[in-house]
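Data first, discussion second: the structure below is written as structure tokens.
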Amino acid sequence: MKKYVQASWDEPLLNELSRPGRVGNSVPSDPTISSRFKDPQSLVPQSMRRDSLNLPELSELQVLRHFNRLSQMNFSVELGMYPLGSCTMKYNPKVSEMIASSDAMKGAHPLQPAGTVQGILSIFYDLERALCEITGVHRFSLSTAAGAQGELAGVLMIRKYLAEHGGGARDEILVPDSAHGTNPASAAMAGFKVVKVPSGANGQVKASKVQELSSERTAGMMFTVPNTLGLFEGEVKEVCDAVHAAGGLMYYDGANMNALLGRARPGDMGFDVVHLNLHKTFATPHGGGGPGAGPVGVTRKLADYLPVPVIVKEKTGYSLDYGLRRSIGPLKGFIGNSAVLLRAYIYIRLLGASGLKDVSSMAVLAANYLWKSLDPEAFPASHEVELLRKHEAVVSVKGDLPGSAMTVAKAILDLGMHAPTVYFPLIVHEALMIEPTESEPEEMLDEYAEALNSIYAKIKDGTLGPVPKNTSVGKVDEVKASHPLTLRVHW
Amino acid sequence: MLPNLDDDFVGRMLRKVGAATVEDLFSDIPEGVKLGRPLRLPEGGSEYAVRREVQARLRQNKTPPETLCFLGGGVWPHYVPAAVESITSRQEFYTSYTPYQAEVSQGVLQALFEYQSLMCDLLGMEACNGSLYDWASAAGEAVRMAGRVTGRNKVLLGGNIGPQRRGVIRTYTEPMGMTLETVDFDRATGRMDSEDLKKKLSDGVACLYFENPNYFGVIEDEAPEVTSLVHSSGALVVAGVDPISLSLIREPGAYGADIAVGEGQPLGIPMNYGGPHLGIFAVKDIKLARNMPGRLIGLTTSVADQQRKAFAMVLQAREQHIRREGATSNVCTNQSLMAIAAASYLSLLGKEGFRTLGETIIANSHFAAKRLSRIEGVVSPHFKGAFFKEFVVSYKKAKAESVFGKLAKLGVLAGSPTHIEVGSQSGLYCVTEVHTRDDIEALAAALEEAV
């Protein structure tokens, strides 16, 4: 194994670096105006004048050093393999960053007249058409800011559509037990009761189970395909049929769409509503937790319910339509995460039709290859070995020691690689959820599998020792983080 | 982007998997749902070709420096220091994800903790996060939270809040069965009508949401009285703020707001035609933190070395990945990188720079309002209330839409129609530190032509 030590700066907090009188950046100011105002704060009514302002005072170089040191204590896709399951940590093309940093993008105000933003609007239009083709639905709204907001929009549309079509009493949403937590959370936010659908013994949802749980109270079902176990839901069509037969609508959670690009489309499977996580499948950087973008698409009958605005193309050009008559309303103040949408469009243009299909081929090949490279004794598969995996595989860490998945995760950090997602899905004991993505070269996949196998061997023979030790800090005290709870400094 | 596409790699990898062809890897997809044709999309282009094509399209956008932008309303033109862009361009920050593994993610964790601290100081609050998408969705979440905390379901909204926030609050609260009622504003000053507020307060009210400065740019100078009035009926106060205004204007914590929300975009984040931006969310009482939506970062130490400070995500039992349908919100992917931008912005300007910024803005905007008042057929500012960086201009004869369109044709983006009935045709104007006297003269010349 290669040696690895993460940078470790015992970097003070900004307030500890502060010295009175320092300013890091000059504020632009026109002296021909400022000279006319002797005491500008007197323009604020007395009762509302700020008494004191407590901000740290640093030079520009100090600020840069501070944040650059922090950045060195942060693992990232461009430093090493980051197979966080369900998060699709693929390579984000640099050219997208370059294009998105142009003044023509950054400097555009969302209230500008449409005639002055034809460039970005034409890109939105083409992006929407591409997403419709990729997913097989009729129309998208690009306005939702993240996958979870796309989900909320989706269930709100289901709710409103049903209310207007005699289904107002339908108050339940079916959600498989393997689903991401955002699914039940979004359904609850939209006012629904969540009915858990237990996965079958093979990790997949049975249409017969869905039929059994469906009733005149069923508004719909949120379904992730492939699911969080990395398995294609073989009965997806029958599940859609069962929910439709009960009078409900089907929601496709597109978190795992990377596995299906150019191979299968939710619209063809029978889904009514679809969201995509552009930051996952369409390679926009995850930003240490965000931003993302979670456009939501629908079949023809739901098109008028989309969150506003939507893009329209007319003879006079492109514009934003805020007036959809049956819309659930806006979910974001201004348009959408436009700079993320732009990057997703660039990604689609770089790859094109066959490139996107290659992405799903290579992502699925990598996931299965890595999975098969693991020692099956150490890391038994969560469900049937005979079944192929799609974008990711879920394994357990063998043995009855609680916390073994966490130990494996911390141990692999010591080798300069990021851990898989751990303890998810909740239905798998000591789960490791591994999604290598199409971006990792074969030899990196080998290295990762070898690392996991050797870590298990060391756990087994008791030679692992405390982990992690090569990271910027040793194991973080998460109990103490909550007791006492310190969410800010006072200084 | 696809390192294993070559047949040699594919062949070796397939052998390990035990499949003959790549197609076999997809044999679990039933024939009935397989896409039996290629996607109807153009083929991919080289990096150079795509860059050329997309940049050419973006150049059709009319943006500064080619145009002048005096638009506001919740997204504002401010200067983004080069050092902020340098920091947010660090790939360690922007190509990582949620810091689930704290030991290798101290960079993002500490940066977000610094954001929380800086914003708490700025807002006068005890807990703050950078985990919501934008001002409007933060306002929606705040009103929902007020409903949960108080067990009440009526919401009072200022009549002078931004239409964007009003729309999103409606979408977010409708499924909870919350009802919205509008508190009128004074037609002369543009400020909230506290007499109308008194009439509408009752023991069914969960919260008042108002903005300060409000959508018209006017400072709500009765904010302390308003909050005590609202508190006396057992409701919470949610204040929406432009963080830049807090350079000169009292912080929401100081006038009694329970929850503060706002738009973090002016803190070093480009306007980006609508996003990504940053939803500010903060609470005054630390106990309310347990009801907050989104991620929170806490200060702790390493287990082995209790002298070594460290950071971790905390109170995760509120969140969707643990609590599922019982979570305080569905937020997962959020706006971390934008919060890092805001933290670096605030530390670059610092106490003195931030105050200078506020003074420059209020001077520039007052200079501009006065300059526009010299134009015939224009009332500037329309409202008598004190303002910070935005103000409403009304037109005696011209239509707001027409002025807005004409100005744009003259290369000046300004005067977005207010969309709230203020008694005459009017537009919103925003003047910040980026505007020079020449810019303001150019705006005046264009407006003279447009009305």
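We label chains A, B, ... in the order they appear in the structure tokens, count residues from 1 in each chain, and number ligands from 1 in the order shown.
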DSSP on the backbone, then: every residue of region 224-330 of chain B marked strand (DSSP E or B), written as number ranges by chain. B: 236-241, 249, 259-263, 279-283, 296-302, 309-314
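Among the candidates A:Val428, A:Leu415, A:Leu53, A:Leu370, the one nearest to Phe75 (chain A) when counting only C-alpha atoms is A:Leu415.
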In region 14-113 of chain A, DSSP alpha helix (DSSP H) residues written as a ChimeraX atom specification: /A:14-17,31-34,60-72,94-100,103-106
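Relative to CA of Phe391 (chain B), CA of Ala369 (chain B) is found at 7.4 Å.
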Can you pull out every residue within 7 Å of Tyr133 (chain B), counting only C-alpha atoms, but drop anything in the same chain fewer than 5 positions away, and send it as a list in words? Ala145 of chain A; His277, Leu278, Gly279, Asn334 and Gln335 of chain B
Residues as selected, N, CA and C atoms, written as a JSON list (two decimals), in the first residue's frame, can you do that?
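Contents of the output file out.json:
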[["chain", "number", "residue", "atom", "x", "y", "z"],
["A", 145, "ALA", "N", -33.97, 23.33, -7.17],
["A", 145, "ALA", "CA", -32.55, 23.59, -6.86],
["A", 145, "ALA", "C", -31.74, 22.37, -6.47],
["B", 277, "HIS", "N", -27.51, 30.36, -5.41],
["B", 277, "HIS", "CA", -27.39, 31.39, -4.40],
["B", 277, "HIS", "C", -27.32, 30.72, -3.03],
["B", 278, "LEU", "N", -27.71, 31.45, -1.99],
["B", 278, "LEU", "CA", -27.52, 30.91, -0.64],
["B", 278, "LEU", "C", -28.65, 31.35, 0.28],
["B", 279, "GLY", "N", -29.39, 30.40, 0.80],
["B", 279, "GLY", "CA", -30.44, 30.72, 1.75],
["B", 279, "GLY", "C", -29.86, 30.83, 3.16],
["B", 334, "ASN", "N", -27.17, 20.84, -0.72],
["B", 334, "ASN", "CA", -27.56, 22.21, -0.41],
["B", 334, "ASN", "C", -26.60, 23.21, -1.03],
["B", 335, "GLN", "N", -26.12, 24.19, -0.30],
["B", 335, "GLN", "CA", -25.38, 25.29, -0.92],
["B", 335, "GLN", "C", -24.02, 25.51, -0.26]]
Contacts of Ser96 (chain B) at 8 Å (only C-alpha atoms; same-chain gap of 3+ positions) as a PyMOL selection string: (chain A and resi 74-77+285-289) or (chain B and resi 91-93)
May I have the residues from that selection written out with C-alpha atoms, as a PDB file, in the first residue's frame?
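Saved to selection-v8.pdb:
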ATOM      1  CA  ASN A  74     -10.478  18.300   2.482  1.00  0.00           C
ATOM      2  CA  PHE A  75     -10.606  15.140   0.416  1.00  0.00           C
ATOM      3  CA  SER A  76     -12.097  15.534  -3.069  1.00  0.00           C
ATOM      4  CA  VAL A  77     -12.712  13.791  -6.376  1.00  0.00           C
ATOM      5  CA  PRO A 285     -19.320  19.615  -9.034  1.00  0.00           C
ATOM      6  CA  HIS A 286     -20.811  18.775  -5.640  1.00  0.00           C
ATOM      7  CA  GLY A 287     -19.312  21.824  -3.896  1.00  0.00           C
ATOM      8  CA  GLY A 288     -18.644  20.193  -0.535  1.00  0.00           C
ATOM      9  CA  GLY A 289     -22.362  19.478  -0.198  1.00  0.00           C
TER      10      GLY A 289
ATOM     11  CA  GLN B  91     -11.045  21.851  -6.320  1.00  0.00           C
ATOM     12  CA  GLU B  92     -10.714  20.445  -2.785  1.00  0.00           C
ATOM     13  CA  PHE B  93     -13.804  22.477  -1.906  1.00  0.00           C
TER      14      PHE B  93
END
